[in-house]
Amino acid sequence: MDLTALYNLRERLKTSAIAGTGLIDDDFRLKKAVESFEPLESMSPVFSKIYQLSKAVIDKNCSNKPEMLLDALSLLDAVICVQSSAKSEGTLKDFSVINWTNAVSNAPYSIAAGVIEALTSSGTGHFSFVVDAHNSYPEIFNDYRIKFALIKALGASYSELADLAEKWLKEDGDNIVPILKKDFDPKGKKEMLKRINLIEDISGENENDFYLSQLEEAERDVKLALIYALRHTEQNTYKLIDISKTEKGKAKEMALWAMSNFNNKEAWEYLSKYAKNSIKYTAMSNNDMSNKIAADAFKNVLKPFLYENKVLNKEAVDNINEIVSVFPGKSGVEICGCYRLSAYIGDKLDVNVEGLNGNAWINTPIQLMGKTNLVKFSKAMPVILMQSIMVNPSSDIMQLAIELYDNGKRPEYVQAVIISQLFNKNSYDFYNWIKSLNKNIKIEYILNALSYLYWNDNKCSFVIKTSQLSRAENKEIIFEHNILENLDEHFYDLLIAYGNLGKSTADFVLNNWIQPKNKELCQKLGEYFYKKALSKNDYNLPYLDYMKSCK
């Protein structure tokens with residue numbers, strides 16, 4: 001629509017306002033502008049009103065020209081404001097930064113502004129305010145303004161708030177990555193470090209170009225995180241080799257850890273030949289090359305004490321501990337051979353070692369059997385085998401557990417077998433198999449294995465859950481796997497029976513198995529925990545928490 005007449009009319013009315021209404025009667029240009037606008041009168045009620053007001057302004061009999069003039073100008077300005085447009089030279093690009101369903105939320109200002117302030121400034125009570133707001137108004141956390149505030153909160157001095165912001169941002173997946181990359185500072189500190197962690201957790205190798213582009217100017221912990229992020233694609237093998245040659249200290253170390261994630265000859269030849277203490281880099285890795293390094297180290301360190309009758313010393317104990325610490329998650333022929341060798345050794349290495357307190361000197365990821373993680377060699381390897389199955393339930397390692405158990409001839413291996421059977425037997429067969437175990441099998445073995453079994457309420461299923469320390473990142477990595485079929489509920493009665501026999505660890509396991517949505521089961525377990533609580537003199541025992549979990 002041609003709006004020339006609209007703009008001309010406004011221009012003439014403005015001129016009349018400046019000149020004064022006393023001259024309007026002689027202003028032929030204004031009269032011509034009003035006449036030119038007349039055809040637009042019928043197009044809309046607003047245009048009709050403008051025409052009527054303008055016509056009144058030029059009417060010699062109008063007694064209130066100033067008021068009519070101002071009304072006409074106000075209405076014209078409003079219409080022109082609505083009808084106006086702007087343009088810019090260039091090509092259109094997709095705006096991919098904000099991909100949420102609702103980029104802007106209809107949130108109360110008092111809440112949204114408070115959340116943004118709590119996320120971006122320091123002060124007491126901010127954490128609880130943000131948590132309460134998330135519980136009461138979860139929809140406002142889809143607002144892009146809150147997203148930017150959450151990213152700022154990654155650098156919060158209050159670590160719980162920073163961790164919570166990281167958790168919520170991660171839930172957005174790929175949508176949040178462009179904003180995490182926006183204004184990224186490779187020389188930054190905590191916030192930038194957490195940004196890198198989020199980007200690589202979400203996108204992995206898809207953002208490899210970003211990691212490389214930021215690496216040259218990066219400093220301190222951000223630099224280390226960017227180097228380790230290169231582990232997501234093996235095309236970085238030679239880049240990481242170069243970094244390990246040119247860098248020193250932690251940067252060099254992080255390049256080696258990143259390479260340990262690869263499954264290629266170049267990376268592992270370099271690690272085995274040039275990396276100091278290459279055995280540690282095989283942790284969290286399960287390929288033929290890394291497994292052979294670990295297996296050869298295990299056999300070589302044991303050889304003098306098996307075939308040359310040498311006496312164990314503290315140095316050898318430290319070496320053995322270092323080697324077996326990388327076994328969880330590993331499988332294959334070489335590793336299975338190591339477990340068979342340890343079964344053959346039996347209790348020959350359960351000896352007192354000079355400089356150590358007693359004959360328990362293997363550090364294991366054991367959960368319930370005793371107050372310390374240090375156990376005898378003969379008891380440690382079955383636990384490490386169990387841990388290995390929980391990290392990586394491969395068929396060869398699970399079959400090995402059954403082989404070494406040998407129908408109860410080596411009862412300590414029953415723990416690994418229990419985990420294997422959870423992955424392979426239906427609930428009915430598994431329950432009957434547990435009931436059929438030899439009476440000589442220690443209940444502690446059974447409870448220790450079952451203590452890694454948890455009820456996952458979100459999945460409505462039982463899961464095997466364990467953790468392993470990532471020495472590269474210095475944090476626990478959680479491993480969680482679904483079992484074949486949910487437990488038969490008769491298992492609850494079996495553990496209650498164990499608990500009534502005085503096995504308090506059975507109560508710990510039962511607590512892990514609480515199903516909050518199963519009211520009948522909660523009632524049953526709640527009554528059991530209540531009776532156990534009454535029978536205890538130590539009120540610091542956890543039965544009140546157990547009852548609370550049962551609601």
# chains A, B, ... in the order shown; residues from 1 in each chain; ligands from 1
>>> residues_around(residues="Ser278 in chain A", least_positions_apart="2", cutoff="12 Å", atoms="only C-alpha atoms", output="PDB file with all heavy atoms, in the first residue's frame")
ATOM      1  N   GLU A 253      50.933 -34.517  30.575  1.00  0.00           N
ATOM      2  CA  GLU A 253      50.218 -35.646  31.172  1.00  0.00           C
ATOM      3  C   GLU A 253      48.807 -35.762  30.593  1.00  0.00           C
ATOM      4  O   GLU A 253      48.334 -36.858  30.290  1.00  0.00           O
ATOM      5  CB  GLU A 253      50.154 -35.446  32.685  1.00  0.00           C
ATOM      6  CG  GLU A 253      49.532 -36.603  33.447  1.00  0.00           C
ATOM      7  CD  GLU A 253      50.544 -37.673  33.830  1.00  0.00           C
ATOM      8  OE1 GLU A 253      51.659 -37.657  33.298  1.00  0.00           O
ATOM      9  OE2 GLU A 253      50.182 -38.520  34.633  1.00  0.00           O
ATOM     10  N   LEU A 256      48.708 -37.357  27.185  1.00  0.00           N
ATOM     11  CA  LEU A 256      48.877 -38.810  27.253  1.00  0.00           C
ATOM     12  C   LEU A 256      47.576 -39.484  27.691  1.00  0.00           C
ATOM     13  O   LEU A 256      47.196 -40.532  27.152  1.00  0.00           O
ATOM     14  CB  LEU A 256      50.016 -39.156  28.209  1.00  0.00           C
ATOM     15  CG  LEU A 256      51.412 -38.637  27.800  1.00  0.00           C
ATOM     16  CD1 LEU A 256      52.430 -38.917  28.897  1.00  0.00           C
ATOM     17  CD2 LEU A 256      51.845 -39.273  26.491  1.00  0.00           C
ATOM     18  N   TRP A 257      46.898 -38.882  28.672  1.00  0.00           N
ATOM     19  CA  TRP A 257      45.614 -39.446  29.099  1.00  0.00           C
ATOM     20  C   TRP A 257      44.608 -39.413  27.955  1.00  0.00           C
ATOM     21  O   TRP A 257      43.815 -40.351  27.779  1.00  0.00           O
ATOM     22  CB  TRP A 257      45.069 -38.668  30.294  1.00  0.00           C
ATOM     23  CG  TRP A 257      45.627 -39.059  31.620  1.00  0.00           C
ATOM     24  CD1 TRP A 257      46.380 -38.297  32.459  1.00  0.00           C
ATOM     25  CD2 TRP A 257      45.486 -40.328  32.270  1.00  0.00           C
ATOM     26  NE1 TRP A 257      46.721 -39.008  33.579  1.00  0.00           N
ATOM     27  CE2 TRP A 257      46.184 -40.267  33.501  1.00  0.00           C
ATOM     28  CE3 TRP A 257      44.855 -41.523  31.932  1.00  0.00           C
ATOM     29  CZ2 TRP A 257      46.254 -41.322  34.394  1.00  0.00           C
ATOM     30  CZ3 TRP A 257      44.918 -42.598  32.816  1.00  0.00           C
ATOM     31  CH2 TRP A 257      45.613 -42.486  34.024  1.00  0.00           C
ATOM     32  N   MET A 259      45.229 -39.586  24.754  1.00  0.00           N
ATOM     33  CA  MET A 259      45.598 -40.632  23.791  1.00  0.00           C
ATOM     34  C   MET A 259      45.187 -42.020  24.252  1.00  0.00           C
ATOM     35  O   MET A 259      44.935 -42.911  23.436  1.00  0.00           O
ATOM     36  CB  MET A 259      47.110 -40.602  23.555  1.00  0.00           C
ATOM     37  CG  MET A 259      47.519 -39.806  22.335  1.00  0.00           C
ATOM     38  SD  MET A 259      49.239 -40.118  21.892  1.00  0.00           S
ATOM     39  CE  MET A 259      50.068 -39.292  23.229  1.00  0.00           C
ATOM     40  N   SER A 260      45.132 -42.207  25.571  1.00  0.00           N
ATOM     41  CA  SER A 260      44.812 -43.543  26.092  1.00  0.00           C
ATOM     42  C   SER A 260      43.385 -43.964  25.752  1.00  0.00           C
ATOM     43  O   SER A 260      43.020 -45.133  25.926  1.00  0.00           O
ATOM     44  CB  SER A 260      45.025 -43.575  27.610  1.00  0.00           C
ATOM     45  OG  SER A 260      44.011 -42.848  28.295  1.00  0.00           O
ATOM     46  N   ALA A 267      49.022 -44.496  18.695  1.00  0.00           N
ATOM     47  CA  ALA A 267      48.863 -43.962  20.055  1.00  0.00           C
ATOM     48  C   ALA A 267      49.484 -44.894  21.084  1.00  0.00           C
ATOM     49  O   ALA A 267      50.218 -44.442  21.984  1.00  0.00           O
ATOM     50  CB  ALA A 267      47.383 -43.746  20.353  1.00  0.00           C
ATOM     51  N   TRP A 268      49.213 -46.186  20.965  1.00  0.00           N
ATOM     52  CA  TRP A 268      49.668 -47.108  22.004  1.00  0.00           C
ATOM     53  C   TRP A 268      51.145 -47.453  21.887  1.00  0.00           C
ATOM     54  O   TRP A 268      51.800 -47.748  22.890  1.00  0.00           O
ATOM     55  CB  TRP A 268      48.799 -48.366  22.021  1.00  0.00           C
ATOM     56  CG  TRP A 268      47.513 -48.058  22.713  1.00  0.00           C
ATOM     57  CD1 TRP A 268      46.313 -47.782  22.153  1.00  0.00           C
ATOM     58  CD2 TRP A 268      47.345 -47.904  24.124  1.00  0.00           C
ATOM     59  NE1 TRP A 268      45.389 -47.474  23.125  1.00  0.00           N
ATOM     60  CE2 TRP A 268      45.987 -47.544  24.339  1.00  0.00           C
ATOM     61  CE3 TRP A 268      48.189 -48.031  25.224  1.00  0.00           C
ATOM     62  CZ2 TRP A 268      45.468 -47.322  25.614  1.00  0.00           C
ATOM     63  CZ3 TRP A 268      47.681 -47.813  26.493  1.00  0.00           C
ATOM     64  CH2 TRP A 268      46.337 -47.458  26.674  1.00  0.00           C
ATOM     65  N   GLU A 269      51.690 -47.390  20.683  1.00  0.00           N
ATOM     66  CA  GLU A 269      53.146 -47.558  20.565  1.00  0.00           C
ATOM     67  C   GLU A 269      53.860 -46.402  21.244  1.00  0.00           C
ATOM     68  O   GLU A 269      54.872 -46.587  21.927  1.00  0.00           O
ATOM     69  CB  GLU A 269      53.545 -47.632  19.084  1.00  0.00           C
ATOM     70  CG  GLU A 269      53.332 -49.006  18.465  1.00  0.00           C
ATOM     71  CD  GLU A 269      53.955 -49.105  17.086  1.00  0.00           C
ATOM     72  OE1 GLU A 269      54.353 -48.059  16.534  1.00  0.00           O
ATOM     73  OE2 GLU A 269      54.034 -50.234  16.567  1.00  0.00           O
ATOM     74  N   TYR A 270      53.317 -45.201  21.057  1.00  0.00           N
ATOM     75  CA  TYR A 270      53.920 -44.030  21.701  1.00  0.00           C
ATOM     76  C   TYR A 270      53.786 -44.121  23.218  1.00  0.00           C
ATOM     77  O   TYR A 270      54.741 -43.870  23.956  1.00  0.00           O
ATOM     78  CB  TYR A 270      53.254 -42.751  21.187  1.00  0.00           C
ATOM     79  CG  TYR A 270      53.885 -41.497  21.734  1.00  0.00           C
ATOM     80  CD1 TYR A 270      55.032 -40.963  21.151  1.00  0.00           C
ATOM     81  CD2 TYR A 270      53.357 -40.869  22.855  1.00  0.00           C
ATOM     82  CE1 TYR A 270      55.636 -39.815  21.667  1.00  0.00           C
ATOM     83  CE2 TYR A 270      53.954 -39.713  23.382  1.00  0.00           C
ATOM     84  CZ  TYR A 270      55.089 -39.206  22.775  1.00  0.00           C
ATOM     85  OH  TYR A 270      55.685 -38.083  23.303  1.00  0.00           O
ATOM     86  N   LEU A 271      52.586 -44.494  23.696  1.00  0.00           N
ATOM     87  CA  LEU A 271      52.357 -44.584  25.139  1.00  0.00           C
ATOM     88  C   LEU A 271      53.266 -45.629  25.783  1.00  0.00           C
ATOM     89  O   LEU A 271      53.826 -45.404  26.864  1.00  0.00           O
ATOM     90  CB  LEU A 271      50.886 -44.923  25.413  1.00  0.00           C
ATOM     91  CG  LEU A 271      49.883 -43.774  25.272  1.00  0.00           C
ATOM     92  CD1 LEU A 271      48.461 -44.309  25.279  1.00  0.00           C
ATOM     93  CD2 LEU A 271      50.063 -42.767  26.400  1.00  0.00           C
ATOM     94  N   SER A 272      53.419 -46.768  25.131  1.00  0.00           N
ATOM     95  CA  SER A 272      54.198 -47.858  25.730  1.00  0.00           C
ATOM     96  C   SER A 272      55.698 -47.575  25.712  1.00  0.00           C
ATOM     97  O   SER A 272      56.432 -48.027  26.599  1.00  0.00           O
ATOM     98  CB  SER A 272      53.912 -49.175  25.007  1.00  0.00           C
ATOM     99  OG  SER A 272      54.275 -49.077  23.640  1.00  0.00           O
ATOM    100  N   LYS A 273      56.166 -46.802  24.728  1.00  0.00           N
ATOM    101  CA  LYS A 273      57.603 -46.563  24.596  1.00  0.00           C
ATOM    102  C   LYS A 273      58.077 -45.304  25.324  1.00  0.00           C
ATOM    103  O   LYS A 273      59.171 -45.263  25.852  1.00  0.00           O
ATOM    104  CB  LYS A 273      57.978 -46.469  23.114  1.00  0.00           C
ATOM    105  CG  LYS A 273      57.881 -47.786  22.372  1.00  0.00           C
ATOM    106  CD  LYS A 273      58.281 -47.613  20.909  1.00  0.00           C
ATOM    107  CE  LYS A 273      58.175 -48.926  20.154  1.00  0.00           C
ATOM    108  NZ  LYS A 273      58.525 -48.762  18.715  1.00  0.00           N
ATOM    109  N   TYR A 274      57.234 -44.270  25.305  1.00  0.00           N
ATOM    110  CA  TYR A 274      57.707 -42.964  25.772  1.00  0.00           C
ATOM    111  C   TYR A 274      57.011 -42.443  27.026  1.00  0.00           C
ATOM    112  O   TYR A 274      57.485 -41.492  27.641  1.00  0.00           O
ATOM    113  CB  TYR A 274      57.576 -41.927  24.649  1.00  0.00           C
ATOM    114  CG  TYR A 274      58.340 -42.301  23.415  1.00  0.00           C
ATOM    115  CD1 TYR A 274      57.689 -42.784  22.297  1.00  0.00           C
ATOM    116  CD2 TYR A 274      59.732 -42.187  23.377  1.00  0.00           C
ATOM    117  CE1 TYR A 274      58.390 -43.141  21.151  1.00  0.00           C
ATOM    118  CE2 TYR A 274      60.445 -42.544  22.245  1.00  0.00           C
ATOM    119  CZ  TYR A 274      59.768 -43.024  21.129  1.00  0.00           C
ATOM    120  OH  TYR A 274      60.467 -43.382  20.016  1.00  0.00           O
ATOM    121  N   ALA A 275      55.866 -43.016  27.382  1.00  0.00           N
ATOM    122  CA  ALA A 275      55.138 -42.524  28.555  1.00  0.00           C
ATOM    123  C   ALA A 275      55.704 -43.165  29.817  1.00  0.00           C
ATOM    124  O   ALA A 275      55.805 -44.388  29.915  1.00  0.00           O
ATOM    125  CB  ALA A 275      53.657 -42.840  28.434  1.00  0.00           C
ATOM    126  N   LYS A 276      56.081 -42.343  30.774  1.00  0.00           N
ATOM    127  CA  LYS A 276      56.575 -42.863  32.045  1.00  0.00           C
ATOM    128  C   LYS A 276      55.451 -43.590  32.765  1.00  0.00           C
ATOM    129  O   LYS A 276      54.342 -43.101  32.883  1.00  0.00           O
ATOM    130  CB  LYS A 276      57.094 -41.702  32.903  1.00  0.00           C
ATOM    131  CG  LYS A 276      57.714 -42.144  34.215  1.00  0.00           C
ATOM    132  CD  LYS A 276      58.211 -40.931  34.992  1.00  0.00           C
ATOM    133  CE  LYS A 276      58.822 -41.363  36.316  1.00  0.00           C
ATOM    134  NZ  LYS A 276      59.299 -40.196  37.104  1.00  0.00           N
ATOM    135  N   LYS A 280      49.525 -46.981  33.950  1.00  0.00           N
ATOM    136  CA  LYS A 280      48.393 -46.212  34.469  1.00  0.00           C
ATOM    137  C   LYS A 280      47.504 -45.681  33.352  1.00  0.00           C
ATOM    138  O   LYS A 280      46.310 -45.452  33.551  1.00  0.00           O
ATOM    139  CB  LYS A 280      48.877 -45.066  35.352  1.00  0.00           C
ATOM    140  CG  LYS A 280      49.567 -43.928  34.624  1.00  0.00           C
ATOM    141  CD  LYS A 280      49.983 -42.839  35.613  1.00  0.00           C
ATOM    142  CE  LYS A 280      50.656 -41.672  34.916  1.00  0.00           C
ATOM    143  NZ  LYS A 280      51.077 -40.629  35.884  1.00  0.00           N
ATOM    144  N   TYR A 281      48.071 -45.498  32.166  1.00  0.00           N
ATOM    145  CA  TYR A 281      47.278 -44.976  31.055  1.00  0.00           C
ATOM    146  C   TYR A 281      46.336 -46.020  30.459  1.00  0.00           C
ATOM    147  O   TYR A 281      45.498 -45.698  29.623  1.00  0.00           O
ATOM    148  CB  TYR A 281      48.196 -44.407  29.970  1.00  0.00           C
ATOM    149  CG  TYR A 281      49.024 -43.240  30.450  1.00  0.00           C
ATOM    150  CD1 TYR A 281      50.393 -43.374  30.670  1.00  0.00           C
ATOM    151  CD2 TYR A 281      48.437 -42.009  30.721  1.00  0.00           C
ATOM    152  CE1 TYR A 281      51.158 -42.316  31.133  1.00  0.00           C
ATOM    153  CE2 TYR A 281      49.188 -40.943  31.196  1.00  0.00           C
ATOM    154  CZ  TYR A 281      50.552 -41.110  31.395  1.00  0.00           C
ATOM    155  OH  TYR A 281      51.288 -40.053  31.862  1.00  0.00           O
ATOM    156  N   THR A 282      46.493 -47.263  30.882  1.00  0.00           N
ATOM    157  CA  THR A 282      45.584 -48.305  30.393  1.00  0.00           C
ATOM    158  C   THR A 282      44.273 -48.325  31.181  1.00  0.00           C
ATOM    159  O   THR A 282      43.341 -49.032  30.800  1.00  0.00           O
ATOM    160  CB  THR A 282      46.237 -49.700  30.475  1.00  0.00           C
ATOM    161  OG1 THR A 282      46.399 -50.078  31.841  1.00  0.00           O
ATOM    162  CG2 THR A 282      47.590 -49.707  29.781  1.00  0.00           C
ATOM    163  N   ALA A 283      44.218 -47.587  32.296  1.00  0.00           N
ATOM    164  CA  ALA A 283      42.967 -47.517  33.068  1.00  0.00           C
ATOM    165  C   ALA A 283      41.873 -46.922  32.197  1.00  0.00           C
ATOM    166  O   ALA A 283      42.121 -46.040  31.376  1.00  0.00           O
ATOM    167  CB  ALA A 283      43.162 -46.680  34.326  1.00  0.00           C
ATOM    168  N   MET A 289      45.606 -53.692  22.739  1.00  0.00           N
ATOM    169  CA  MET A 289      46.934 -53.132  23.029  1.00  0.00           C
ATOM    170  C   MET A 289      47.075 -52.756  24.502  1.00  0.00           C
ATOM    171  O   MET A 289      48.061 -53.100  25.163  1.00  0.00           O
ATOM    172  CB  MET A 289      47.179 -51.928  22.126  1.00  0.00           C
ATOM    173  CG  MET A 289      47.345 -52.311  20.654  1.00  0.00           C
ATOM    174  SD  MET A 289      47.229 -50.899  19.523  1.00  0.00           S
ATOM    175  CE  MET A 289      45.462 -50.630  19.494  1.00  0.00           C
ATOM    176  N   SER A 290      46.083 -52.036  25.027  1.00  0.00           N
ATOM    177  CA  SER A 290      46.163 -51.638  26.435  1.00  0.00           C
ATOM    178  C   SER A 290      46.052 -52.846  27.353  1.00  0.00           C
ATOM    179  O   SER A 290      46.723 -52.921  28.390  1.00  0.00           O
ATOM    180  CB  SER A 290      45.057 -50.627  26.761  1.00  0.00           C
ATOM    181  OG  SER A 290      43.780 -51.215  26.647  1.00  0.00           O
ATOM    182  N   ASN A 291      45.209 -53.811  26.976  1.00  0.00           N
ATOM    183  CA  ASN A 291      45.054 -55.014  27.801  1.00  0.00           C
ATOM    184  C   ASN A 291      46.336 -55.826  27.845  1.00  0.00           C
ATOM    185  O   ASN A 291      46.679 -56.411  28.879  1.00  0.00           O
ATOM    186  CB  ASN A 291      43.905 -55.869  27.256  1.00  0.00           C
ATOM    187  CG  ASN A 291      42.555 -55.213  27.461  1.00  0.00           C
ATOM    188  OD1 ASN A 291      42.439 -54.212  28.177  1.00  0.00           O
ATOM    189  ND2 ASN A 291      41.523 -55.735  26.832  1.00  0.00           N
ATOM    190  N   LYS A 292      47.069 -55.866  26.728  1.00  0.00           N
ATOM    191  CA  LYS A 292      48.329 -56.616  26.713  1.00  0.00           C
ATOM    192  C   LYS A 292      49.374 -55.942  27.606  1.00  0.00           C
ATOM    193  O   LYS A 292      50.127 -56.624  28.316  1.00  0.00           O
ATOM    194  CB  LYS A 292      48.859 -56.726  25.278  1.00  0.00           C
ATOM    195  CG  LYS A 292      50.079 -57.657  25.163  1.00  0.00           C
ATOM    196  CD  LYS A 292      50.513 -57.827  23.733  1.00  0.00           C
ATOM    197  CE  LYS A 292      51.575 -58.926  23.631  1.00  0.00           C
ATOM    198  NZ  LYS A 292      52.676 -58.770  24.574  1.00  0.00           N
ATOM    199  N   ILE A 293      49.423 -54.612  27.586  1.00  0.00           N
ATOM    200  CA  ILE A 293      50.356 -53.891  28.465  1.00  0.00           C
ATOM    201  C   ILE A 293      50.071 -54.233  29.925  1.00  0.00           C
ATOM    202  O   ILE A 293      50.982 -54.529  30.706  1.00  0.00           O
ATOM    203  CB  ILE A 293      50.246 -52.374  28.234  1.00  0.00           C
ATOM    204  CG1 ILE A 293      50.787 -52.004  26.851  1.00  0.00           C
ATOM    205  CG2 ILE A 293      50.998 -51.608  29.322  1.00  0.00           C
ATOM    206  CD1 ILE A 293      50.566 -50.551  26.478  1.00  0.00           C
ATOM    207  N   ALA A 294      48.779 -54.209  30.298  1.00  0.00           N
ATOM    208  CA  ALA A 294      48.393 -54.496  31.681  1.00  0.00           C
ATOM    209  C   ALA A 294      48.680 -55.947  32.045  1.00  0.00           C
ATOM    210  O   ALA A 294      49.196 -56.247  33.141  1.00  0.00           O
ATOM    211  CB  ALA A 294      46.920 -54.175  31.884  1.00  0.00           C
ATOM    212  N   ASP A 296      50.836 -58.113  30.637  1.00  0.00           N
ATOM    213  CA  ASP A 296      52.283 -58.393  30.697  1.00  0.00           C
ATOM    214  C   ASP A 296      52.883 -57.855  31.989  1.00  0.00           C
ATOM    215  O   ASP A 296      53.732 -58.511  32.617  1.00  0.00           O
ATOM    216  CB  ASP A 296      52.990 -57.752  29.495  1.00  0.00           C
ATOM    217  CG  ASP A 296      52.705 -58.484  28.189  1.00  0.00           C
ATOM    218  OD1 ASP A 296      52.163 -59.607  28.257  1.00  0.00           O
ATOM    219  OD2 ASP A 296      53.011 -57.928  27.112  1.00  0.00           O
ATOM    220  N   ALA A 297      52.450 -56.663  32.395  1.00  0.00           N
ATOM    221  CA  ALA A 297      52.965 -56.076  33.632  1.00  0.00           C
ATOM    222  C   ALA A 297      52.584 -56.941  34.828  1.00  0.00           C
ATOM    223  O   ALA A 297      53.397 -57.148  35.744  1.00  0.00           O
ATOM    224  CB  ALA A 297      52.415 -54.660  33.801  1.00  0.00           C
ATOM    225  N   GLU A 322      49.148 -51.041  41.747  1.00  0.00           N
ATOM    226  CA  GLU A 322      49.020 -50.139  40.599  1.00  0.00           C
ATOM    227  C   GLU A 322      48.476 -50.898  39.381  1.00  0.00           C
ATOM    228  O   GLU A 322      47.599 -50.415  38.661  1.00  0.00           O
ATOM    229  CB  GLU A 322      50.387 -49.526  40.268  1.00  0.00           C
ATOM    230  CG  GLU A 322      50.425 -48.679  39.008  1.00  0.00           C
ATOM    231  CD  GLU A 322      49.716 -47.345  39.145  1.00  0.00           C
ATOM    232  OE1 GLU A 322      49.309 -47.001  40.264  1.00  0.00           O
ATOM    233  OE2 GLU A 322      49.542 -46.661  38.123  1.00  0.00           O
ATOM    234  N   ILE A 323      48.958 -52.119  39.176  1.00  0.00           N
ATOM    235  CA  ILE A 323      48.549 -52.903  38.005  1.00  0.00           C
ATOM    236  C   ILE A 323      47.097 -53.347  38.115  1.00  0.00           C
ATOM    237  O   ILE A 323      46.303 -53.162  37.184  1.00  0.00           O
ATOM    238  CB  ILE A 323      49.482 -54.121  37.821  1.00  0.00           C
ATOM    239  CG1 ILE A 323      50.901 -53.645  37.483  1.00  0.00           C
ATOM    240  CG2 ILE A 323      48.955 -55.043  36.726  1.00  0.00           C
ATOM    241  CD1 ILE A 323      51.959 -54.716  37.606  1.00  0.00           C
ATOM    242  N   VAL A 326      43.992 -51.062  37.302  1.00  0.00           N
ATOM    243  CA  VAL A 326      43.538 -50.770  35.932  1.00  0.00           C
ATOM    244  C   VAL A 326      42.723 -51.915  35.347  1.00  0.00           C
ATOM    245  O   VAL A 326      42.231 -51.809  34.222  1.00  0.00           O
ATOM    246  CB  VAL A 326      44.737 -50.447  35.001  1.00  0.00           C
ATOM    247  CG1 VAL A 326      45.597 -49.349  35.580  1.00  0.00           C
ATOM    248  CG2 VAL A 326      45.561 -51.687  34.695  1.00  0.00           C
TER     249      VAL A 326
END
>>> residues_around(residues="Pro516 in chain A", least_positions_apart="3", cutoff="7 Å", atoms="only C-alpha atoms", output="PDB file with C-alpha atoms, in the first residue's frame")
ATOM      1  CA  LYS A 519       2.927 -48.749  48.644  1.00  0.00           C
ATOM      2  CA  CYS A 522       6.993 -49.686  51.404  1.00  0.00           C
ATOM      3  CA  CYS A 550       9.565 -45.841  52.679  1.00  0.00           C
TER       4      CYS A 550
END
>>> residues_around(residues="Glu160 in chain A", least_positions_apart="3", cutoff="8 Å", atoms="only C-alpha atoms", output="list in words")
Phe127, Asp163 and Leu164 of chain A
>>> write_last_selection(atoms="all heavy atoms", output="mmCIF file, in the first residue's frame")
data_model
loop_
_atom_site.group_PDB
_atom_site.id
_atom_site.type_symbol
_atom_site.label_atom_id
_atom_site.label_comp_id
_atom_site.auth_asym_id
_atom_site.auth_seq_id
_atom_site.Cartn_x
_atom_site.Cartn_y
_atom_site.Cartn_z
ATOM 1 N N PHE A 127 21.178 -19.886 46.759
ATOM 2 C CA PHE A 127 21.021 -21.272 46.328
ATOM 3 C C PHE A 127 19.608 -21.774 46.599
ATOM 4 O O PHE A 127 18.947 -22.329 45.705
ATOM 5 C CB PHE A 127 22.045 -22.153 47.046
ATOM 6 C CG PHE A 127 21.927 -23.620 46.701
ATOM 7 C CD1 PHE A 127 22.400 -24.100 45.493
ATOM 8 C CD2 PHE A 127 21.347 -24.516 47.597
ATOM 9 C CE1 PHE A 127 22.300 -25.445 45.167
ATOM 10 C CE2 PHE A 127 21.238 -25.853 47.289
ATOM 11 C CZ PHE A 127 21.718 -26.318 46.072
ATOM 12 N N ASP A 163 27.357 -26.312 40.375
ATOM 13 C CA ASP A 163 27.084 -27.688 39.958
ATOM 14 C C ASP A 163 25.635 -27.855 39.512
ATOM 15 O O ASP A 163 25.348 -28.585 38.550
ATOM 16 C CB ASP A 163 27.389 -28.667 41.092
ATOM 17 C CG ASP A 163 28.876 -28.742 41.415
ATOM 18 O OD1 ASP A 163 29.685 -28.317 40.572
ATOM 19 O OD2 ASP A 163 29.227 -29.206 42.516
ATOM 20 N N LEU A 164 24.725 -27.174 40.215
ATOM 21 C CA LEU A 164 23.306 -27.259 39.854
ATOM 22 C C LEU A 164 23.063 -26.601 38.499
ATOM 23 O O LEU A 164 22.313 -27.138 37.661
ATOM 24 C CB LEU A 164 22.458 -26.578 40.931
ATOM 25 C CG LEU A 164 20.957 -26.885 40.926
ATOM 26 C CD1 LEU A 164 20.711 -28.373 41.088
ATOM 27 C CD2 LEU A 164 20.262 -26.116 42.042
#
>>> select_by_dssp(residues="range 42-229 of chain A", states="helix (DSSP H, G or I)", output="PyMOL selection string")
chain A and resi 42-43+45-58+65-83+109-120+126-136+138-142+144-153+159-170+173-181+190-215+220-229
>>> select_by_dssp(residues="range 435-506 of chain A", states="strand (DSSP E)", output="JSON, numbers by chain")
{"A": [453, 454, 455, 456, 461, 462, 463, 464, 465, 466, 467, 468, 469, 470, 475, 476, 477, 478, 479, 480, 481, 482]}
>>> residues_around(residues="range 33-49 of chain A", least_positions_apart="5", cutoff="8 Å", atoms="only C-alpha atoms", output="short mmCIF file (atom, residue, chain, number, x, y, z; two decimals) with N, CA and C atoms, in the first residue's frame")
data_model
loop_
_atom_site.label_atom_id
_atom_site.label_comp_id
_atom_site.auth_asym_id
_atom_site.auth_seq_id
_atom_site.Cartn_x
_atom_site.Cartn_y
_atom_site.Cartn_z
N ALA A 5 0.64 9.65 0.73
CA ALA A 5 -0.33 10.67 1.16
C ALA A 5 -0.35 10.80 2.68
N LEU A 6 -0.11 9.68 3.38
CA LEU A 6 -0.10 9.70 4.84
C LEU A 6 1.08 10.53 5.35
N ASN A 8 2.82 12.82 3.62
CA ASN A 8 2.67 14.22 3.20
C ASN A 8 1.73 14.99 4.14
N LEU A 9 0.63 14.34 4.53
CA LEU A 9 -0.33 14.99 5.42
C LEU A 9 0.32 15.30 6.76
N ARG A 12 2.67 18.34 6.47
CA ARG A 12 2.01 19.64 6.37
C ARG A 12 1.38 20.05 7.71
N SER A 54 -8.39 16.09 10.10
CA SER A 54 -7.65 16.99 9.22
C SER A 54 -8.57 17.96 8.49
N LYS A 55 -9.71 17.44 8.09
CA LYS A 55 -10.69 18.28 7.40
C LYS A 55 -11.21 19.38 8.33
#
